[in-house]
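Colleague: Could you have a look at this structure, given as structure tokens, before my questions?
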Amino acid sequence: MTIPLVNLHRQHEELHDEIHDAIASVIQRADFILGAEVDAFEREFADYCDAEHCVTVGSGLDALTLTMKGMGIGPGDEVITAANTFVATALAIQHAGATPILIDHEPQTYTLDPRRISSAITSRTRAILPIHLYGHPAEMDTIQAIADEHGLLVIEDAAQAHGARYNGRRCGSLGNAAAFSFYPGKNLGALGDGGAVVTNDDSLAQWIRAARNYGSTVKHRHAIRGFNTRLDTLQAAVLRVKLRYLDPWNATRRWVAARYSEFLGDADVILPAERENVEPVYHLFVIRCEDRDVVLQQLQDKGIGAGIHYPTPIHRQTAFSGGCYVPSPPANTEACCDQLLSLPMCPFMTLDDIEEVAHELKSALVCISRVAQKSESSYGI
């Protein structure tokens, strides 16, 4: 692709020497599992998120799963979340033994619609799991108020929201706990899989530290039935390097988003919206348009690395047939899933890149419109 969806090559070229030195240091010490860089990164990322604890694990899915298990969520319980999320959110609920209760999202921000939560609460509901989708924070004050009223836990899926703010507070510090992913394409990405749980709950952090390491915090002593899901020391070293650049990268992502909105203001698309009380970090820049698949193909033919996040809602995935519950039809989710289109987004895009994407998108829309008009004319419509 001339303009990729995410330009990781450029990112790693700029950080090559720092990343090389960080990795070399780990190799020299040979502390590859739960080494010094893991401890250092956990302290730094907890501070960054304005939280007491960060416990790293092997993936974002594991972070969500262990968070729920550590909170005692299990068989017979229900967790309310959004139908338009990535599959890992719902998988984690199932892996904990609970049932995903899927509700609709807000039409403007694509985040969990608080107005639909109360009617989905039952005697089995244990938690609400909002997703800061595409890097835009969910409406956390309203969600927390509902949770407090019903005695529920709030777990943030912050896998796409590293550094985002809600009412001045970092995502990751807004609920009982938060789960992050460090998949390479994230705003803060490793060179492989990785994840973390961020929380102010001392007991939860202590449980996850044991659970990630075979249930042990002291060698050969296993207090609980644990797992093997540890962030490699090499990945922690890389993440420490990248964390220093996260805020300026996020600022550039917001600049890219603003330029997109400027250049596409007159196009026949629906642009992403922002609440006044948030600072999104634009993990993705997602628009809506008609004939999405045709537009996508035309962009890709021009070397524009556009993509789709996510074409199939959770309740329509085979893996969740009979394994989730949808209290009412998620009309926004159903309407949007065939229209969502992710445009290239990363901190290394130039103004020329943005203008080219906007130009090719507009050209594709005009071409499709002309074909439609010609088709209507041929049928005498």
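Numbering starts fresh at 1 for the residues of each chain in the structure tokens, the chains themselves are lettered A, B, ... in the order given, and ligands are numbered from 1 as they appear.
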Please provide the set of residues having any atom within 8 Å of Arg212 in chain A, restricted to only C-alpha atoms, with same-chain residues fewer than 6 positions apart removed, written as an MDAnalysis selection string.
Modeller: chainID A and resid 57 226:230
Colleague: Go ahead and write the residues just picked, all heavy atoms, as an mmCIF file, in the first residue's frame.
Modeller:
```cif
data_model
loop_
_atom_site.group_PDB
_atom_site.id
_atom_site.type_symbol
_atom_site.label_atom_id
_atom_site.label_comp_id
_atom_site.auth_asym_id
_atom_site.auth_seq_id
_atom_site.Cartn_x
_atom_site.Cartn_y
_atom_site.Cartn_z
ATOM 1 N N VAL A 57 0.254 -8.793 31.421
ATOM 2 C CA VAL A 57 -0.082 -10.175 31.070
ATOM 3 C C VAL A 57 0.214 -10.384 29.589
ATOM 4 O O VAL A 57 0.767 -9.514 28.928
ATOM 5 C CB VAL A 57 -1.563 -10.490 31.388
ATOM 6 C CG1 VAL A 57 -1.811 -10.454 32.893
ATOM 7 C CG2 VAL A 57 -2.491 -9.511 30.681
ATOM 8 N N GLY A 226 -3.447 -21.138 38.696
ATOM 9 C CA GLY A 226 -3.125 -20.012 37.833
ATOM 10 C C GLY A 226 -2.988 -20.357 36.369
ATOM 11 O O GLY A 226 -3.386 -21.428 35.901
ATOM 12 N N PHE A 227 -2.395 -19.429 35.643
ATOM 13 C CA PHE A 227 -2.241 -19.515 34.195
ATOM 14 C C PHE A 227 -0.795 -19.162 33.847
ATOM 15 O O PHE A 227 -0.018 -18.746 34.706
ATOM 16 C CB PHE A 227 -3.197 -18.538 33.495
ATOM 17 C CG PHE A 227 -4.633 -18.736 33.881
ATOM 18 C CD1 PHE A 227 -5.153 -18.138 35.030
ATOM 19 C CD2 PHE A 227 -5.468 -19.521 33.110
ATOM 20 C CE1 PHE A 227 -6.479 -18.324 35.382
ATOM 21 C CE2 PHE A 227 -6.789 -19.716 33.456
ATOM 22 C CZ PHE A 227 -7.300 -19.110 34.604
ATOM 23 N N ASN A 228 -0.458 -19.289 32.590
ATOM 24 C CA ASN A 228 0.836 -18.828 32.101
ATOM 25 C C ASN A 228 0.568 -17.724 31.096
ATOM 26 O O ASN A 228 0.367 -17.971 29.916
ATOM 27 C CB ASN A 228 1.614 -19.973 31.450
ATOM 28 C CG ASN A 228 2.928 -19.486 30.844
ATOM 29 O OD1 ASN A 228 3.380 -18.377 31.132
ATOM 30 N ND2 ASN A 228 3.526 -20.298 29.998
ATOM 31 N N THR A 229 0.521 -16.497 31.566
ATOM 32 C CA THR A 229 0.237 -15.356 30.693
ATOM 33 C C THR A 229 1.027 -14.158 31.194
ATOM 34 O O THR A 229 0.501 -13.292 31.892
ATOM 35 C CB THR A 229 -1.271 -15.060 30.603
ATOM 36 O OG1 THR A 229 -1.470 -13.852 29.858
ATOM 37 C CG2 THR A 229 -1.934 -14.964 31.966
ATOM 38 N N ARG A 230 2.310 -14.135 30.833
ATOM 39 C CA ARG A 230 3.220 -13.108 31.327
ATOM 40 C C ARG A 230 3.737 -12.279 30.150
ATOM 41 O O ARG A 230 4.002 -12.822 29.073
ATOM 42 C CB ARG A 230 4.398 -13.763 32.049
ATOM 43 C CG ARG A 230 3.963 -14.647 33.209
ATOM 44 C CD ARG A 230 5.075 -15.528 33.716
ATOM 45 N NE ARG A 230 5.578 -16.460 32.710
ATOM 46 C CZ ARG A 230 6.210 -17.597 32.995
ATOM 47 N NH1 ARG A 230 6.407 -17.945 34.251
ATOM 48 N NH2 ARG A 230 6.660 -18.373 32.030
#
```
Colleague: Pick out the residues sitting within 9 Å of range 339-345 of chain A, and hand them over as number ranges by chain; count only C-alpha atoms, and ignore anything fewer than 4 positions along from it in its own chain.
Modeller: A: 3-7, 253, 256-257, 282-293, 295-296, 304-311, 335, 349, 354, 357
Colleague: Name the closest residue to Thr111 in chain A among the candidates A:Gly215, A:Pro75, A:Gly97, A:Pro137; distances are taken between atoms, counting only C-alpha atoms.
Modeller: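 For Thr111 in chain A, the nearest of the candidates is A:Pro137.
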Colleague: From a DSSP pass on the backbone, collect the residues of range 83-329 of chain A flagged as strand (DSSP E) and hand them back as a count of residues only.
Modeller: 35
Colleague: Rounded to one decimal place, report the CA of Arg126 in chain A-CA of Thr99 in chain A distance in Å.
Modeller: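 Atom-to-atom, CA of Arg126 in chain A and CA of Thr99 in chain A are spaced 10.3 Å apart.
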Colleague: Just the residues within 12 Å of Asp202 in chain A, please, counting only C-alpha atoms, with nothing from its chain fewer than 6 positions along; format it as a list in words.
Modeller: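 Once the nearby chain positions are removed, what remains is Ala51, Glu52, His53, Cys54, Val55, Gly70, Met71, Asn176, Ala177, Ile208 and Arg209 of chain A.
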Colleague: Kindly export the residues of the current selection with N, CA, C and O atoms, as a tab-separated table (two decimals), in the first residue's frame.
Modeller:
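Wrote it out as again.tsv, contents follow:
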```tsv
chain	number	residue	atom	x	y	z
A	51	ALA	N	-3.07	5.51	38.23
A	51	ALA	CA	-3.59	4.38	38.98
A	51	ALA	C	-2.51	3.83	39.91
A	51	ALA	O	-1.32	4.10	39.75
A	52	GLU	N	-2.95	3.01	40.87
A	52	GLU	CA	-2.02	2.44	41.84
A	52	GLU	C	-1.24	1.26	41.27
A	52	GLU	O	-0.08	1.07	41.60
A	53	HIS	N	-1.90	0.46	40.45
A	53	HIS	CA	-1.29	-0.78	40.01
A	53	HIS	C	-1.41	-0.97	38.50
A	53	HIS	O	-2.43	-0.63	37.90
A	54	CYS	N	-0.39	-1.54	37.91
A	54	CYS	CA	-0.43	-2.10	36.56
A	54	CYS	C	0.18	-3.49	36.66
A	54	CYS	O	1.30	-3.65	37.15
A	55	VAL	N	-0.57	-4.49	36.20
A	55	VAL	CA	-0.07	-5.86	36.17
A	55	VAL	C	-0.10	-6.33	34.72
A	55	VAL	O	-1.17	-6.42	34.12
A	70	GLY	N	-10.64	-12.51	38.69
A	70	GLY	CA	-10.15	-11.98	39.95
A	70	GLY	C	-11.21	-11.24	40.75
A	70	GLY	O	-11.10	-11.11	41.97
A	71	MET	N	-12.23	-10.75	40.06
A	71	MET	CA	-13.34	-10.08	40.74
A	71	MET	C	-14.44	-11.05	41.14
A	71	MET	O	-15.47	-10.63	41.67
A	176	ASN	N	-13.50	0.19	38.23
A	176	ASN	CA	-12.85	-0.67	39.23
A	176	ASN	C	-11.53	-1.22	38.70
A	176	ASN	O	-10.60	-1.49	39.46
A	177	ALA	N	-11.46	-1.41	37.39
A	177	ALA	CA	-10.24	-1.90	36.74
A	177	ALA	C	-10.37	-1.65	35.24
A	177	ALA	O	-11.47	-1.41	34.73
A	208	ILE	N	-4.02	-11.09	40.43
A	208	ILE	CA	-3.60	-11.24	39.03
A	208	ILE	C	-2.10	-11.49	38.94
A	208	ILE	O	-1.64	-12.26	38.08
A	209	ARG	N	-1.31	-10.89	39.81
A	209	ARG	CA	0.14	-11.15	39.79
A	209	ARG	C	0.42	-12.64	40.01
A	209	ARG	O	1.34	-13.20	39.40
```
Colleague: Would you mind listing what lies within 7 Å of range 118-123 of chain A as a ChimeraX atom specification, with only C-alpha atoms counted and same-chain residues fewer than 2 positions away left out?
Modeller: /A:116,125,327
Colleague: Store the residues picked out above in a file with N, CA, C and O atoms, as a PDB file, in the first residue's frame.
Modeller:
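Final output, again-v1.pdb:
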```pdb
ATOM      1  N   ARG A 116     -29.431   2.499  27.626  1.00  0.00           N
ATOM      2  CA  ARG A 116     -29.922   1.133  27.410  1.00  0.00           C
ATOM      3  C   ARG A 116     -29.456   0.164  28.495  1.00  0.00           C
ATOM      4  O   ARG A 116     -29.793  -1.023  28.452  1.00  0.00           O
ATOM      5  N   THR A 125     -26.828  -9.775  36.975  1.00  0.00           N
ATOM      6  CA  THR A 125     -25.833  -8.829  36.462  1.00  0.00           C
ATOM      7  C   THR A 125     -24.779  -8.543  37.524  1.00  0.00           C
ATOM      8  O   THR A 125     -25.107  -8.198  38.661  1.00  0.00           O
ATOM      9  N   PRO A 327     -30.916  -8.160  24.817  1.00  0.00           N
ATOM     10  CA  PRO A 327     -32.225  -7.808  25.385  1.00  0.00           C
ATOM     11  C   PRO A 327     -33.168  -7.116  24.413  1.00  0.00           C
ATOM     12  O   PRO A 327     -34.379  -7.307  24.473  1.00  0.00           O
TER      13      PRO A 327
END
```
Colleague: In Å to one decimal, how far is CA of Tyr260 in chain A from CA of Gln297 in chain A?
Modeller: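 Value for the CA of Gln297 in chain A-CA of Tyr260 in chain A distance: 19.7 Å.
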Colleague: Counting only C-alpha atoms, what are the residues of range 50-108 of chain A within 10 Å of range 158-175 of chain A, and for each of them which pair of atoms is the nearest and at what distance in Å, to one decimal? Sort the table by chain and rising number, as CSV.
Modeller:
```
residue,atom,partner,partner_atom,distance
A:Asp50,CA,A:Ser173,CA,6.3
A:Ala51,CA,A:Ser173,CA,5.8
A:Glu52,CA,A:Ser173,CA,9.1
A:Cys54,CA,A:Gly172,CA,9.7
A:Ser59,CA,A:Ala159,CA,9.9
A:Gly60,CA,A:Ala159,CA,6.6
A:Leu61,CA,A:Ala159,CA,9.2
A:Ala63,CA,A:Ala159,CA,9.7
A:Leu64,CA,A:Ala159,CA,9.6
A:Phe86,CA,A:Ala159,CA,9.9
A:Ala88,CA,A:Ala159,CA,9.9
A:Thr89,CA,A:Ala159,CA,9.6
```
Colleague: Only N, CA and C atoms, please: the residues just picked out, written as a short mmCIF file (atom, residue, chain, number, x, y, z; two decimals), in the first residue's frame.
Modeller:
```
data_model
loop_
_atom_site.label_atom_id
_atom_site.label_comp_id
_atom_site.auth_asym_id
_atom_site.auth_seq_id
_atom_site.Cartn_x
_atom_site.Cartn_y
_atom_site.Cartn_z
N ASP A 50 -2.57 7.23 36.08
CA ASP A 50 -3.04 7.78 37.35
C ASP A 50 -3.68 6.69 38.20
N ALA A 51 -3.07 5.51 38.23
CA ALA A 51 -3.59 4.38 38.98
C ALA A 51 -2.51 3.83 39.91
N GLU A 52 -2.95 3.01 40.87
CA GLU A 52 -2.02 2.44 41.84
C GLU A 52 -1.24 1.26 41.27
N CYS A 54 -0.39 -1.54 37.91
CA CYS A 54 -0.43 -2.10 36.56
C CYS A 54 0.18 -3.49 36.66
N SER A 59 -1.79 -10.77 26.88
CA SER A 59 -2.62 -10.18 25.82
C SER A 59 -3.72 -9.36 26.46
N GLY A 60 -4.40 -8.58 25.61
CA GLY A 60 -5.55 -7.83 26.09
C GLY A 60 -6.69 -8.75 26.49
N LEU A 61 -6.88 -9.84 25.75
CA LEU A 61 -7.90 -10.83 26.11
C LEU A 61 -7.64 -11.40 27.49
N ALA A 63 -5.99 -9.99 29.86
CA ALA A 63 -6.20 -8.92 30.84
C ALA A 63 -7.67 -8.83 31.24
N LEU A 64 -8.56 -8.87 30.26
CA LEU A 64 -9.99 -8.82 30.56
C LEU A 64 -10.44 -10.07 31.31
N PHE A 86 -14.90 -5.50 19.48
CA PHE A 86 -14.07 -6.58 18.98
C PHE A 86 -14.39 -7.84 19.78
N ALA A 88 -12.78 -10.02 21.37
CA ALA A 88 -12.09 -10.32 22.63
C ALA A 88 -12.91 -9.88 23.85
N THR A 89 -13.65 -8.79 23.74
CA THR A 89 -14.44 -8.31 24.87
C THR A 89 -15.44 -9.37 25.31
#
```
